[in-house]
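Report on the structure given below.
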Amino acid sequence: MTTSFVLAGGCFWCLDAVYRTLDGVSEVVSGYTGGTTPNPSYEAVCTGHTGHAEVVRVVFDESVIPADIILDAFFTLHDPRQLNRQGNDVGTQYRSAMFYTDEAQRELFEAARERAADIWDGEVVTEISPLGEFFDAEDYHQDFFAKNPGQGYCLAVAVPKVNKVRRRFAEYIVS
């Protein structure tokens, strides 16, 4: 069964890089959602004035990788205690958020957030909201890490996140 989740946890390059390493993930699309500006550009979202977050839509096969693993990886790859930021990336566009499509997905997200609260010290501030319109990010943001492996941000920020998820979820890494 194919499922998709829309998740925000800082820069979408990092989420994209991590999810592309997991077996059963068939597609990762970087984009924007959660705001009010129609057809936002990367430059507009970066201002923090659109209300949109940088997100990824992760499409996966639940017969290969359980939904809980996709969500637990999400809470492993970023710090869900940081409000409107991830590390040096600051602003509402970098917030920790999960955007649900129906009540069943909302319940899955809430259960994952509760599991995360059990392993992180401090309050988990991940927002859980209904999914509004999803806007694809510009082409150059799609699969950014694979196209730019030597880029400074990728080396400093994305690689450690990829390695952390690879260690914790080794049995689900694409071989």
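Chain labels follow the order of the structure tokens: the first chain is A, the next B, and so on; residue numbering restarts at 1 in every chain, and ligands are counted from 1 in their shown order.
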Would you give me, as an MDAnalysis selection string, the residues in chain A that DSSP reads as strand (DSSP E)?
chainID A and resid 2:9 25:33 53:61 85:86 89:90 96:100 127:130 135:136
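Excluding Ala53 in chain A itself and any same-chain residue fewer than 3 positions from it, the protein and nucleic acid residues within 10 Å of it, counting only C-alpha atoms, are Leu7, Ala8, Gly9, Gly10, Cys11, Phe12, Gly31, Tyr32, Thr33, Gly34, Gly35, Val45, Cys46, Gly48, Thr50, Val56, Asn84, Gly91, Thr92, Gln93, Tyr94, Arg95, Ser96 and Ala97 of chain A.
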Okay, now the selection with N, CA, C and O atoms, as a compact mmCIF listing (two decimals), in the first residue's frame?
```txt
# COMPACT_ATOMS: atom_id res chain seq x y z
N LEU A 7 6.05 16.40 5.69
CA LEU A 7 6.77 16.66 6.94
C LEU A 7 7.71 17.85 6.79
O LEU A 7 8.33 18.04 5.74
N ALA A 8 7.83 18.62 7.87
CA ALA A 8 8.74 19.76 7.92
C ALA A 8 9.64 19.64 9.14
O ALA A 8 9.14 19.48 10.25
N GLY A 9 10.94 19.71 8.93
CA GLY A 9 11.88 19.60 10.04
C GLY A 9 13.17 20.33 9.74
O GLY A 9 14.24 19.74 9.76
N GLY A 10 13.06 21.60 9.39
CA GLY A 10 14.23 22.37 9.01
C GLY A 10 14.35 22.42 7.50
O GLY A 10 13.36 22.31 6.77
N CYS A 11 15.54 22.56 7.02
CA CYS A 11 15.79 22.64 5.58
C CYS A 11 15.34 21.36 4.88
O CYS A 11 15.70 20.26 5.31
N PHE A 12 14.61 21.51 3.80
CA PHE A 12 14.10 20.31 3.10
C PHE A 12 15.20 19.50 2.46
O PHE A 12 15.03 18.32 2.18
N GLY A 31 9.03 20.81 -1.14
CA GLY A 31 8.01 21.80 -1.45
C GLY A 31 7.73 22.73 -0.28
O GLY A 31 8.53 22.82 0.67
N TYR A 32 6.57 23.39 -0.37
CA TYR A 32 6.16 24.37 0.62
C TYR A 32 4.69 24.15 0.94
O TYR A 32 3.89 23.88 0.05
N THR A 33 4.33 24.30 2.21
CA THR A 33 2.93 24.28 2.62
C THR A 33 2.80 24.92 3.98
O THR A 33 3.80 25.18 4.65
N GLY A 34 1.56 25.15 4.39
CA GLY A 34 1.30 25.66 5.72
C GLY A 34 1.13 27.16 5.79
O GLY A 34 0.92 27.70 6.88
N GLY A 35 1.21 27.83 4.65
CA GLY A 35 1.10 29.29 4.66
C GLY A 35 -0.07 29.80 3.86
O GLY A 35 -0.97 29.04 3.49
N VAL A 45 9.64 32.28 0.56
CA VAL A 45 9.53 31.45 1.76
C VAL A 45 10.67 31.78 2.73
O VAL A 45 10.46 31.85 3.94
N CYS A 46 11.85 32.01 2.21
CA CYS A 46 13.02 32.32 3.05
C CYS A 46 12.85 33.61 3.85
O CYS A 46 13.52 33.79 4.87
N GLY A 48 10.33 34.31 5.57
CA GLY A 48 9.54 34.00 6.75
C GLY A 48 8.19 34.68 6.78
O GLY A 48 7.45 34.57 7.75
N THR A 50 5.67 34.26 4.37
CA THR A 50 4.62 33.56 3.62
C THR A 50 3.79 32.64 4.50
O THR A 50 2.70 32.22 4.10
N VAL A 56 8.85 18.14 2.87
CA VAL A 56 8.99 17.09 1.87
C VAL A 56 7.72 16.24 1.90
O VAL A 56 7.12 16.03 2.96
N ASN A 84 10.50 26.92 15.64
CA ASN A 84 10.76 27.77 14.47
C ASN A 84 12.24 27.88 14.10
O ASN A 84 12.73 28.95 13.74
N GLY A 91 13.53 30.63 11.66
CA GLY A 91 12.32 31.21 11.09
C GLY A 91 11.22 30.16 11.01
O GLY A 91 11.47 28.96 11.09
N THR A 92 9.99 30.62 10.86
CA THR A 92 8.84 29.71 10.81
C THR A 92 8.93 28.75 9.63
O THR A 92 8.36 27.67 9.67
N GLN A 93 9.67 29.12 8.60
CA GLN A 93 9.82 28.25 7.43
C GLN A 93 10.62 26.99 7.77
O GLN A 93 10.60 26.02 7.03
N TYR A 94 11.31 26.99 8.92
CA TYR A 94 12.11 25.84 9.36
C TYR A 94 11.48 25.12 10.55
O TYR A 94 12.12 24.32 11.22
N ARG A 95 10.21 25.38 10.80
CA ARG A 95 9.54 24.78 11.94
C ARG A 95 9.41 23.26 11.80
O ARG A 95 9.44 22.72 10.71
N SER A 96 9.22 22.62 12.94
CA SER A 96 8.94 21.18 12.98
C SER A 96 7.43 21.03 12.87
O SER A 96 6.68 21.53 13.71
N ALA A 97 6.99 20.34 11.80
CA ALA A 97 5.55 20.22 11.57
C ALA A 97 5.24 18.96 10.77
O ALA A 97 6.06 18.47 9.99
```
